[in-house]
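S.K.: Questions regarding the structure given below will be posed in turn.
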Amino acid sequence: MINDKLPKIWYGGDYNPEQWEAPDWAEDDRMFKLAGIDVATVNVFSWAMIQPDEDTYDFSFLDATMDRLYKNGTYVCLATATGAHPAWMARQYPEVTRVDVMGRKRKFGGRHNSNPNSKVYRKFAARLAGKLAERYKDHPTLVAWHISNEYGGYDYSEQSEAAFRVWLKERYGTLDALNKAWNTRFWGHTFYDWDEIVLPSELSEEWNGNRTNFQGISLDFRRFMSHSLLECYKIEYDAIREHSQGVPITTNLMGFYPELDYFEWAKYMDVVSWDNYPSLDTPVSHTAMTHDLMRGLKHGQPFMLMEQTPSQQNWQPYNSLKRPGVMRLWSYQAVARGADTVLFFQLRRSIGACEKYHGAVIEHAGHEHTRVFREVAELGRELQLLGDELLDARSAAKVGIVYDWENRWALDLSSGPSVALDYVNEVHKYYDALFTQHFETDMIGVEEELSKYEIVIALVMYMSKPGFAAKVEAFVQAGGTFVTTFFSGIVNENDLVTVGGYPGELRKVLGIWAEEIDALLPGMSNQLVMKQEWNKLGGSYECGILCDLIHTEGAETLAVYGSDFYIGMPALTVNQFGKGKAYYVASSPNADFLKGFLANLCADKQISPLVNAPEGLEAARRVKDGASYLFLLNHTENELTAEIGERSLKDLLTGESFQGTAAVPGRGVRILTEK
Amino acid sequence: MINDKLPKIWYGGDYNPEQWEAPDWAEDDRMFKLAGIDVATVNVFSWAMIQPDEDTYDFSFLDATMDRLYKNGTYVCLATATGAHPAWMARQYPEVTRVDVMGRKRKFGGRHNSNPNSKVYRKFAARLAGKLAERYKDHPTLVAWHISNEYGGYDYSEQSEAAFRVWLKERYGTLDALNKAWNTRFWGHTFYDWDEIVLPSELSEEWNGNRTNFQGISLDFRRFMSHSLLECYKIEYDAIREHSQGVPITTNLMGFYPELDYFEWAKYMDVVSWDNYPSLDTPVSHTAMTHDLMRGLKHGQPFMLMEQTPSQQNWQPYNSLKRPGVMRLWSYQAVARGADTVLFFQLRRSIGACEKYHGAVIEHAGHEHTRVFREVAELGRELQLLGDELLDARSAAKVGIVYDWENRWALDLSSGPSVALDYVNEVHKYYDALFTQHFETDMIGVEEELSKYEIVIALVMYMSKPGFAAKVEAFVQAGGTFVTTFFSGIVNENDLVTVGGYPGELRKVLGIWAEEIDALLPGMSNQLVMKQEWNKLGGSYECGILCDLIHTEGAETLAVYGSDFYIGMPALTVNQFGKGKAYYVASSPNADFLKGFLANLCADKQISPLVNAPEGLEAARRVKDGASYLFLLNHTENELTAEIGERSLKDLLTGESFQGTAAVPGRGVRILTEK
Amino acid sequence: MINDKLPKIWYGGDYNPEQWEAPDWAEDDRMFKLAGIDVATVNVFSWAMIQPDEDTYDFSFLDATMDRLYKNGTYVCLATATGAHPAWMARQYPEVTRVDVMGRKRKFGGRHNSNPNSKVYRKFAARLAGKLAERYKDHPTLVAWHISNEYGGYDYSEQSEAAFRVWLKERYGTLDALNKAWNTRFWGHTFYDWDEIVLPSELSEEWNGNRTNFQGISLDFRRFMSHSLLECYKIEYDAIREHSQGVPITTNLMGFYPELDYFEWAKYMDVVSWDNYPSLDTPVSHTAMTHDLMRGLKHGQPFMLMEQTPSQQNWQPYNSLKRPGVMRLWSYQAVARGADTVLFFQLRRSIGACEKYHGAVIEHAGHEHTRVFREVAELGRELQLLGDELLDARSAAKVGIVYDWENRWALDLSSGPSVALDYVNEVHKYYDALFTQHFETDMIGVEEELSKYEIVIALVMYMSKPGFAAKVEAFVQAGGTFVTTFFSGIVNENDLVTVGGYPGELRKVLGIWAEEIDALLPGMSNQLVMKQEWNKLGGSYECGILCDLIHTEGAETLAVYGSDFYIGMPALTVNQFGKGKAYYVASSPNADFLKGFLANLCADKQISPLVNAPEGLEAARRVKDGASYLFLLNHTENELTAEIGERSLKDLLTGESFQGTAAVPGRGVRILTEK
C-alpha cells in the first residue's frame with residue numbers, strides 16, 4: 001500500500017490553487033467532495049512563489065492550502081516545485097539555464113530548463129526540498145512526496161562537459177580504456193588528455209537527433225545525462241529523507257520516454273508513478289504495454305497513475321475528446337495493469353498559458369454540470385466502493401518481454417543497416433500479438449530474474465550486456481523458452497561488435513550463425529515460409545525491414561525465406577538447449593505470424609489465455625493473497641462477450657455473477673473475482 | 001484622389017535606373033511613353049548610393065532621374081530608400097543588424113535586416129527621409145512618398161529586449177498586472193523585476209515559429225514588434241512632413257502578411273498601398289478578399305496597387321507566366337475592388353541578384369516586341385481613356401466580414417485544440433461562399449462601425465477584445481444579423497479565458513453555451529443536419545476541424561450534428577436578440593452549406609447579388625456620386641454571360657450597351673455603368 | 001600505367017590495421033593472399049596516432065605496417081592522414097575547426113572538420129605530408145600517394161572571411177568591378193570597403209542550403225571554397241613532391257559531389273581516383289555516367305576506383321546487400337569505363353564507431369568462409385589473369401555531354417523559374433537515352449577540345465562562360481552537331497544576364513530567340529509535337545518543368561508545343577550553321593523523345609551503337625594500340641544476348657569465342673576482343 005493513511009485507490013490529481021482566488025478555492029473544495037476526490041498533487045510549479053529571491057522563503061500560501069485541503073478531507077501528494085526554476089535565478093545565476101544540442105545558451109523560459117550539473121541549481125533545489133520536508137513532514141494530510149516534474153531533456157553546458165569528464169574518468173579509469181571502448185583509432189580520434197573530450201552535440205559528433213559519428217561517446221553521453229538528472233532527483237530525495245521518513249517518494253515518469261533509463265531510476269524511487277497520455281488513435285495495446293513497463297520497473301510493484309486527462313490534451317496536433325466512458329475505461333485499464341491510484345492532470349483548468357486547453361475535472365465553465373465532471377464523479381463513487389480490495393495485487397504473468405533503454409539508445413544511434421528499424425515498434429508487435437490473444441505479459445528489464453517466467457522474449461537485443469547471455473543460457477538450460485530476433489547479440493555495452501560471428505554471445509544458445517544482414521528498401525518484403533505445419537502456423541507470412549542470412553549450427557529450421565537470393569535459407573529456427581528451447585526469428589514478421597508463433601510457444605508451455613474473447617476486449621489480471629481479479633475492458637462501442645470458464649465469478653463493480661461467459665457492454669468494464 | 005496632379009488611374013511601377021546606364025535610360029523614356037506609363041516609384045533601394053558614408057549625401061543621380069522623368073511626363077512616387085541599410089553602416093554600427101529568433105546575430109545582407117529598435121538605424125533613417133523631403137518637396141514630378149519597403153520581420157536584439165520592457169511598463173504599469181495578464185503563476189514564471197523578462201524566442205519560450213509556452217508574452221511581443229516597425233515608419237513620416245505637406249505618404253503592405261497589425265498601421269498612412277502576388281493556382285476569390293481587406297484598412301478609402309508582376313515572379317517554387325489577358329484581368333480586379341493605381345514591380349528587369357527572373361515591363365530582351373510589353377501598352381491605353389471616371393469610387397457592401405490580426409496571432413499561438421485550424425482559411429471559406437454568389441462584401445476590422453452593415457460575420461472570433469461584445473449586442477439589438485462560429489469568444493485581449501462558459505462575452509447575444517470542443521483527426525468529419533428545409537439549405541453537410549458541443553440558452557436550433565457521440569446536439573443555432581439575429585455555426589462546414597447559409601441570410605436582409613452569373617465570372621461594384629460601376633471579370637478562358645437586370649448599361653471600355661444580359665469574353669472585363 | 005611496379009589492375013582497398021592487434025594482422029596477410037589483394041591504402045586516418053602532440057612524430061607503427069605488407073606482397077597507396085585533425089590540435093588551436101553555415105563554431109569531432117584557411121592547419125598538414133614523403137619515398141612497397149580523404153564541406157570562419165576578401169581582390173582588382181559583377185546596386189548592397197564584405201551564410205545572404213539573395217557573392221564563395229580546399233591539397237602535393245618524385249599523387253573524389261569543381265582539381269592530380277557508392281536502386285546508367293565524368297576530368301585518362309563496398313554501406317537509409325555477382329559486375333563496369341584499379345572500402349570491418357556496418361572484405365566473422373569473401377577472391381583471381389591487358393586503354397566516343405560545376409552552382413542558386421529543375425537529373429536523362437541504346441558517350445568539361453566529337457550536347461547550359469559560345473560556333477561551323485536546351489545561354493560567369501534576348505551568346509548558332517520561360521506547376525505538362533516523321537521520331541511526346549517560348553531566326557522548326565497558350569510555337573528546332581547543325585530543345589522531354597532524338601542525331605553522323613541489345617545489357621568499350629575491348633555487362637538476373645556483328649570476338653575472361661551474337665548470363669560480364 002502506498003500509504004496506509006488512505007487505504008483505497010487514490011483519486012484526484014494536480015492542483016494549482018495559486019492560479020486562483022479564495023472564492024474559487026471554496027468551489028474547489030465543494031466540487032472535490034462531489035467528485036469523490038481524495039488526493040491533490042500540489043506545489044508542482046510554485047518555486048517562484050515560495051522563493052521570491054535568493055534568501056526569502058514564504059510558505060504561507062502552501063500552509064493555508066495544506067490546511068484547507070486537510071479540513072476538506074483531501075490528502076496531499078506534495079511536490080518539491082523544482083521542475084522550473086524562478087526567473088530571478090536565471091537572471092542572477094545564468095549557469096542554471098541549459099545549453100541546447102545546437103550549442104545555444106538558453107535564457108529564462110519554459111520548464112525542463114535547469115542545467116542538471118549547475119552547482120547553483122542543485123544547491124537551491126536541495127535546499128527547497130529540505131525546507132519543505134522539514135516543514136510538512138508531519139502534516140496530517142501529507143501522503144506522498146513528488147520530486148520535480150517529468151524529468152527530461154539533455155544539457156550541453158560547460159558545467160555538464162566538465163562533469164562528463166569526471167564521470168568518464170570514473171567509468172574508464174584511463175584514457176587508454178576509453179579510447180579502446182570508443183574505438184577512437186577510427187577517424188583518428190585518439191584522446192591524449194581528458195580535457196580534449198567535448199560533449200557530443202551538433203557542434204561535434206551528432207546531427208539530426210540521434211545521428212552520430214561515434215556511437216561510444218554518444219551512448220555514454222546518454223548514460224551520463226540520465227545519471228545527471230537522476231543525481232538531481234537523488235539530492236532532493238536525500239534532502240527529504242533527512243527530515244521525513246516513512247512517506248513514499250516518487251517522481252512522475254513518462255512511459256517509453258526515450259532519454260532516461262527508467263530501470264536505473266526506479267531503483268531510487270519508493271514507488272513508480274507515471275503520466276499516461278494516449279491519443280484517440282493510440283492502439284490500446286500500446287497503452288497496456290506502457291503500463292506493464294511501468295509496473296516492470298520495480299519488478300511488478302503497483303504504481304501510481306500520476307496524470308491522465310479527464311477529457312482532452314492540448315499539446316497534441318489534434319486534441320480529440322475522450323469519448324463518453326473512455327476516461328473510466330482507461331482508468332480501469334491502468335488499475336488492471338497495476339495502478340493503485342487514478343490521478344488527473346488537472347483538477348482545475350488554467351485560464352492562461354499553454355495548458356489552458358488541457359482538460360480538467362473543473363472546466364472553464366466552473367461548475368459540475370458537465371459531461372466530464374459527471375463521468376469523473378461517477379468513477380469517484382466506484383473507487384470509493386472498491387475500497388482496498390485491489391491494492392497491492394500483482395501480475396502472475398509467465399511471459400516476459402525484455403525492454404532495455406541502453407539497447408534502444410544503441411539502436412537509435414546506429415549508423416545502418418536501416419532507418420526503418422524502430423525498437424519500440426518491434427517490441428509492440430510482439431506485445432500486441434500476445435495482448436490480442438489475451439495472454440498475460442510482463443515487460444521486464446535485462447536485470448530481471450528470468451526464472452519467474454516460462455517464456456522470455458528479448459527481441460532485437462542488439463546490445464548484449466555483460467552477463468546477459470549467460471543468464472539466458474541458464475534460463476534455457478533449466479527449461480525456459482527464449483525468443484530473440486535478427487540484429488541481436490551484435491555489440492557489447494560499448495557498442496563494440498562481438499567478432500567471430502553474429503549473434504555473438506547469443507550464438508551458442510541459439511545454435512545459429514548470421515552471416516549477413518540485408519536491409520530492405522521501402523516497399524520490399526520477403527516471406528517466412530513454414531517448412532511444415534506447426535499448430536497455428538503454416539504456409540507463408542510477409543516479413544521485412546531486416547533479413548538476417550543465417551546458417552544453423554545445431555538449431556532446427558522451422559521456416560525459410562520465400563524469395564530473393566537467400567530463398568530457402570533459414571528464417572525461423574529453434575535450438576534445443578538443455579531442457580529448454582531458444583528461437584531465432586531472422587526478420588520482422590507480420591502480425592499473423594506473430595500471433596500463431598507466440599500462441600504455439602504458450603501452448604507448448606501450457607500457458608492459457610486469460611479468456612477466449614474477441615480482440616476488442618482487453619483482459620488483464622491481478623492476484624493477491626490467493627484471490628484473482630480478472631479485468632475485462634471493452635474498447636469497442638458494442639457489447640462483447642468473453643468465455644471465462646466454468647468458475648462462477650462476481651463483478652466487483654455491479655455485484656453480478658457470471659459463469660461460462662460474461663458480456664461486457666460497449667466501453668464497459670468488469671472486475672471478476674471468485675468470492 | 002491620391003494626388004490631383006495626375007487625375008487618372010496611375011500606371012507604372014518600381015524603377016531602378018541606378019542599375020543601368022545612360023543609353024538604357026533613353027530607351028526607358030521611349031518605352032514608358034509607348035506603354036502609357038505615367039508613374040515611376042524610384043529610390044527604393046538607393047540608400048547605399050545616396051549615402052556612401054556616415055557624413056556624405058550625394059543626390060546627383062536622383063536629381064537627374066527626377067528631372068529626366070519629369071521631362072518625359074513620368075510622375076514620381078519617391079521612396080525613402082530605408083528598406084535596406086548600407087554595408088558600411090552594418091560594419092561601423094553592428095547594432096543596426098538584427099538578431100534572429102534563434103538568437104543569431106545577423107551580419108550585413110538581404111533586406112528587412114535593420115534592427116527597428118536601434119537608435120543608430122532610426123537616426124540615419126529619419127535623417128535621410130528628412131533630407132529627401134527637404135530637397136524634393138517642391139519637385140513638379142513628385143506625386144507621393146513611399147516610406148521604406150514591405151516592412152516585416154521580427155528582431156530579438158538586446159535593443160529590442162530593452163525596448164520591450166519599456167513598452168510593457170507602459171502597457172501594464174506594474175509587474176503585478178503583467179504577471180496576472182500573462183498568468184505567470186503557471187509553470188512558476190512570476191517576474192519580480194522587469195529585467196527578468198526576456199524576449200520570447202527559441203532561446204526562451206518559443207519554437208517552430210508560433211509554438212509558445214506562454215501565449216501572453218508571445219502575443220505582446222508580436223504587438224510590440226508591429227509597434228516597433230510602425231515607430232520606424234512614423235519617424236520617417238514625421239521627418240517628411242516637417243518639410244513636405246500635401247503629398248500623400250504611404251508604405252507598401254503585403255495583404256494578409258501575418259506579422260504586422262495593418263489596421264494599426266493604416267491609421268498612420270495617408271493612403272494604403274499594397275503588393276499583389278498571386279500564383280497561377282491562387283483562387284481568384286482569395287485575391288479579391290485581399291483587395292477588400294486592404295480597402296477595409298482605411299474604411300473603404302481607395303488604395304494603391306503598388307506592385308504586381310506583368311508576367312511572372314521569381315521567388316515562388318514554380319514561377320508560371322501570367323496567361324495572355326490575365327495581367328489586364330487582374331489589374332481590373334484590383335480597380336474593381338478599390339485600387340486607383342495599377343503599378344508594377346518592375347519597369348525594367350535586373351540582370352543580377354535574386355529578382356532577375358521576376359517579370360518586368362521591359363524584359364531582358366530590352367525592346368517592345370514582346371507579348372508582355374504589348375499587353376502592358378494595351379492596358380496603358382485603356383487606362384488613359386478611363387481618365388478620372390472611377391477615381392474615389394467606393395464599395396456599397398452591406399455584408400462585412402471581420403478580420404483581426406491579434407485574433408490571428410492568438411489563434412496561431414494557441415496550444416490546442418487543433419493544428420488544422422487556420423484563421424485565414426476559415427475566413428476565406430465564408431468570403432468565397434459570398435464571392436461565388438456575387439454578393440458584395442467588405443473586409444473590416446474590429447474597430448469598424450458596424451451599423452453600416454446589415455450582416456456582420458466574425459468567424460472564429462477567438463479573442464473578444466474589450467467592447468467588441470457590447471458592440472455586437474448593440475448591432476444585433478438594432479436589427480443586424482450577426483454570424484460567428486465555433487472557438488469564438490474564448491479569451492480576452494491577453495489570451496486569458498473568459499470563465500463561466502464559452503463563448504464568453506458573446507454567449508448572451510448568441511443564446512448558447514459551448515460545453516466542450518472536439519478536435520477531429522485528419523480524415524474525420526461530422527455533419528450538419530438541417531432540422532428542416534430552410535430556403536437554400538436542407539439535408540446534411542459535411543463539417544470538420546473542430547466541433548463545439550453546445551447547448552441552447554434561448555437560441556433556436558437549425559441544424560444538429562449527424563454522427564459521433566454528440567449526434568443530435570445543436571450544430572447551427574440562431575438567437576433572436578432585440579430586432580436582430582445572432583447565428584452560431586458550431587463547426588467548420590463545407591462550401592455547399594456556406595453558400596446556402598449565407599444566401600439565406602442575404603435573402604433575409606433583402607440583399608441581392610450584383611448579378612446572376614456562373615462562378616467563373618467575378619462581379620464587383622464601385623459607386624460614386626450616384627453613379628454605379630459594375631465590373632464583370634471573366635476568370636475562365638471561355639465566354640460567360642451575366643444576368644444584369646433590365647437597366648441599360650454601357651461598357652466603359654468598349655462603349656457597347658447591354659440590357660438583360662452581358663456576355664464577357666474569356667479572360668475579358670466589362671465595366672458597366674448607366675450613363 | 002599508374003605505376004609500373006604493379007602492371008595489372010590493382011586490387012585491394014582501405015586498410016586500417018591500427019584498429020587491430022598482431023594476431024589480426026597475420027590473418028589479414030593470409031586472407032589478402034587468398035583474395036588476390038595486392039594494394040592496401042593505409043594511413044588514411046592516423047594523424048592522431050602518428051603525431052600525439054605538437055612536437056612528436058611516431059612512425060613506428062606505419063614503418064612496421066609498410067614492411068609487413070611489403071613482405072606479404074601487398075603494395076601501398078599511402079595516405080597523408082590529414083582528413084581529420086587530432087583532438088589535441090583542436091583544443092590547442094581552436095582555429096583549426098570550422099564555423100558552419102549557421103555561424104556555429106565547431107568543436108572537435110567528425111571529419112571534414114578542418115578550417116581550410118587556418119594557417120595552423122595548413123602548416124601541420126604540409127609538415128606531415130612532407131615527413132611521410134621524406135620517410136617513405138623509397139619504400140619498395142609504395143605505389144601511390146593519397147592526399148587527405150574525400151575533401152568536402154565549406155567553412156565560414158573569420159580566417160576564411162579574410163581569405164575570401166584577398167581572393168576577391170585578386171579576382172576583381174577593384175571594388176567597382178566587384179560591385180558591377182555582383183550587381184550590388186540591387187537592394188543597395190554597394191561595397192565601399194573590402195572589409196564590408198562578409199561571407200554569404202545564413203547570417204547574411206543565404207538560407208535553406210542554396211537559397212541566396214545575391215547569386216554573385218554566393219557563386220564566388222563556392223569558387224573560393226573549392227579553391228581553398230584545393231589549396232590545402234596543393235600544399236600537401238608540393239610537400240610530397242619535394243621529396244618523392246615519380247610516384248603518382250591523387251586524392252579520392254566523389255563523383256557528382258556538388259561542392260567542389262573537380263575539373264579544376266583534376267588539373268593538379270596525377271591520376272583521378274574516386275569512391276563509388278551506388279544504392280540498390282541507383283540506375284546503372286547513373287553509375288556509368290559518373291564513371292564517365294571521372295574519366296572526363298582528365299580528358300579520358302584512366303582513373304582509379306579508390307573505394308567501393310564489397311557488400312553494403314552503412315550511411316544510406318536502407319543499406320541493402322549487393323546481390324550475388326553484383327560486386328563483380330559493378331567492378332567490371334568501372335573497368336569498362338576507364339578504371340585501372342578495383343579497390344574497396346574496406347579490407348577489414350571496424351568494430352566500433354559509425355562505419356562498423358559498412359561491408360568489408362574481411363567481415364566481423366573474421367574468416368574466409370563467407371559469400372562476400374568468396375566473391376572477392378574469385379574476382380581477385382580474374383584480375384590476376386587479366387594482367388596488363390586493359391591498362392591505359394581509352395574511350396573512343398564520338399558523343400560528348402558537357403557537364404560544368406559552375407553552371408550547376410548557378411542553377412542551384414537561381415531564384416526562379418522553377419525548383420523542379422535539377423541539372424544532374426537533366427544531364428542524366430540525355431545520358432540515359434544514349435546509354436540504353438548502347439551509344440558510347442564521354443562526359444566532358446567546358447574546356448574540353450570539342451573537335452574530338454561529332455556530337456556535343458550541352459544541355460541547360462545556363463551559364464555561358466567566356467569563349468564557350470565561340471567554341472561552339474567553331475565546332476558547328478566545322479560540321480559538328482550541337483545540342484542545347486531551354487534555359488541555356490542566359491548568364492555570364494558572374495550570373496549576370498546577357499541582355500538582348502535569350503539564349504544570349506548561343507542565339508546566333510541556334511538561330512532562335514526565346515522570349516519567355518514558363519514554369520509548369522507539379523502535375524502540369526505540355527507536349528512536343530513533331531511537325532513530320534523524322535526517322536525514329538513522330539507524333540507527340542510529353543515535356544515539362546520549363547517551356548521556353550521561342551521564335552525562329554533562321555532555324556527550322558521540327559516540333560511545336562501541343563497545348564497551352566503557346567500551342568504551335570516551336571519546341572524543337574535545328575539551325576544549319578556552316579557545315580554543322582545546332583539543335584534547341586525548348587523543354588524537358590520524356591525518355592521516348594530523347595531516345596529517338598539522339599538516335600537520329602547519331603544516325604545522321606554515322607555513329608553506330610556498340611551492339612544491338614536489350615536495355616538491361618550495358619555495353620562499353622576501351623581501345624588501346626589498335627585493340628578494342630567490348631564490355632558486355634548484364635544487369636539483370638537472366639541471360640541476355642547482344643548482336644555483336646560478324647567479327648569473331650574472344651572473351652578475355654573465359655576464352656570463349658563469339659560471332660554474330662554473344663549471350664551473357666544473368667549478372668554476367670564479357671570482355672570481347674578480336675585477338
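Ordered as shown in the C-alpha cells, chains take letters A, B, and onward, while each chain numbers its residues from 1 and ligands are numbered from 1 in the order shown.
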Do you know which residues are at most 10 Å from Ala81 in chain C counting only C-alpha atoms, after dropping those on the same chain fewer than 6 positions away, and could you put them as a PyMOL selection string?
M.R.: (chain A and resi 187-188) or (chain C and resi 42-50+125+128-129+132+146-149)
S.K.: Grab the residues selected above and save them as a PDB file, in the first residue's frame with C-alpha atoms.
M.R.:
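To be explicit, this is the file written out as part.pdb:
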ATOM      1  CA  TRP A 187      38.888   8.598 -37.881  1.00  0.00           C
ATOM      2  CA  GLY A 188      41.946   9.398 -35.751  1.00  0.00           C
TER       3      GLY A 188
ATOM      4  CA  VAL C  42      46.907   2.814 -45.395  1.00  0.00           C
ATOM      5  CA  ASN C  43      47.303   5.710 -43.006  1.00  0.00           C
ATOM      6  CA  VAL C  44      44.064   7.431 -44.035  1.00  0.00           C
ATOM      7  CA  PHE C  45      43.029   8.421 -40.520  1.00  0.00           C
ATOM      8  CA  SER C  46      46.218   8.017 -38.498  1.00  0.00           C
ATOM      9  CA  TRP C  47      47.180  11.601 -37.827  1.00  0.00           C
ATOM     10  CA  ALA C  48      46.399  11.358 -34.122  1.00  0.00           C
ATOM     11  CA  MET C  49      48.459   8.172 -33.838  1.00  0.00           C
ATOM     12  CA  ILE C  50      51.459   9.457 -35.760  1.00  0.00           C
ATOM     13  CA  ALA C 125      49.177  19.220 -42.729  1.00  0.00           C
ATOM     14  CA  LEU C 128      53.064  15.789 -42.005  1.00  0.00           C
ATOM     15  CA  ALA C 129      52.818  15.174 -45.743  1.00  0.00           C
ATOM     16  CA  LEU C 132      55.799  10.995 -44.791  1.00  0.00           C
ATOM     17  CA  HIS C 146      46.744   9.593 -51.391  1.00  0.00           C
ATOM     18  CA  ILE C 147      46.261  13.090 -50.006  1.00  0.00           C
ATOM     19  CA  SER C 148      43.705  13.604 -47.245  1.00  0.00           C
ATOM     20  CA  ASN C 149      40.316  11.950 -47.862  1.00  0.00           C
TER      21      ASN C 149
END
S.K.: Please identify the strand (DSSP E) residues within range 307-536 of chain B (assignment by DSSP from backbone atoms) and present them as number ranges by chain.
M.R.: B: 307, 339-344, 399-402, 442-444, 455-457, 481-485, 512-519, 526-530
S.K.: Have a look at B:Leu142, B:Val326, B:Val424, B:Ile240 and name the one nearest to chain C; count only C-alpha atoms.
M.R.: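 Looking only at the distances to chain C, the closest residue turns out to be B:Val326.
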S.K.: Sorted by chain and rising residue number, which residues of chain A lie within 6 Å of chain B, and what are their closest atom pairs and distances in Å to one decimal, counting only C-alpha atoms, as a tab-separated table?
M.R.:
residue	atom	partner	partner_atom	distance
A:Gln19	CA	B:Arg185	CA	5.7
A:Phe45	CA	B:Trp187	CA	4.9
A:Ser46	CA	B:Gly188	CA	5.3
A:Ala48	CA	B:Gly188	CA	5.1
A:Ala87	CA	B:Glu196	CA	5.9
A:Arg106	CA	B:Leu203	CA	4.7
A:Lys107	CA	B:Ser204	CA	5.2
A:Phe108	CA	B:Ser204	CA	5.5
A:Gly109	CA	B:Ser204	CA	4.3
A:Gly110	CA	B:Glu205	CA	5.5
A:Asn314	CA	B:Gly416	CA	4.4
A:Trp315	CA	B:Ser415	CA	5.9
A:Pro317	CA	B:Val419	CA	5.3
A:Tyr318	CA	B:Ser418	CA	4.6
A:Asn319	CA	B:Pro417	CA	5.2
A:Ser320	CA	B:Ala519	CA	4.5
A:Leu321	CA	B:Asp518	CA	5.4
A:Ile351	CA	B:Val497	CA	4.8
A:Gly352	CA	B:Leu496	CA	4.8
A:Ala353	CA	B:Phe214	CA	4.6
A:Cys354	CA	B:Asn213	CA	5.1
A:Tyr357	CA	B:Gly416	CA	5.9
A:His364	CA	B:Val499	CA	5.1
A:Ala365	CA	B:Gly500	CA	4.1
A:Gly366	CA	B:Gly500	CA	5.8
S.K.: Could you pull the residues within 7 Å of Ser525 in chain A, counting only C-alpha atoms, minus those fewer than 6 positions along the same chain, as a count of residues only?
M.R.: 3
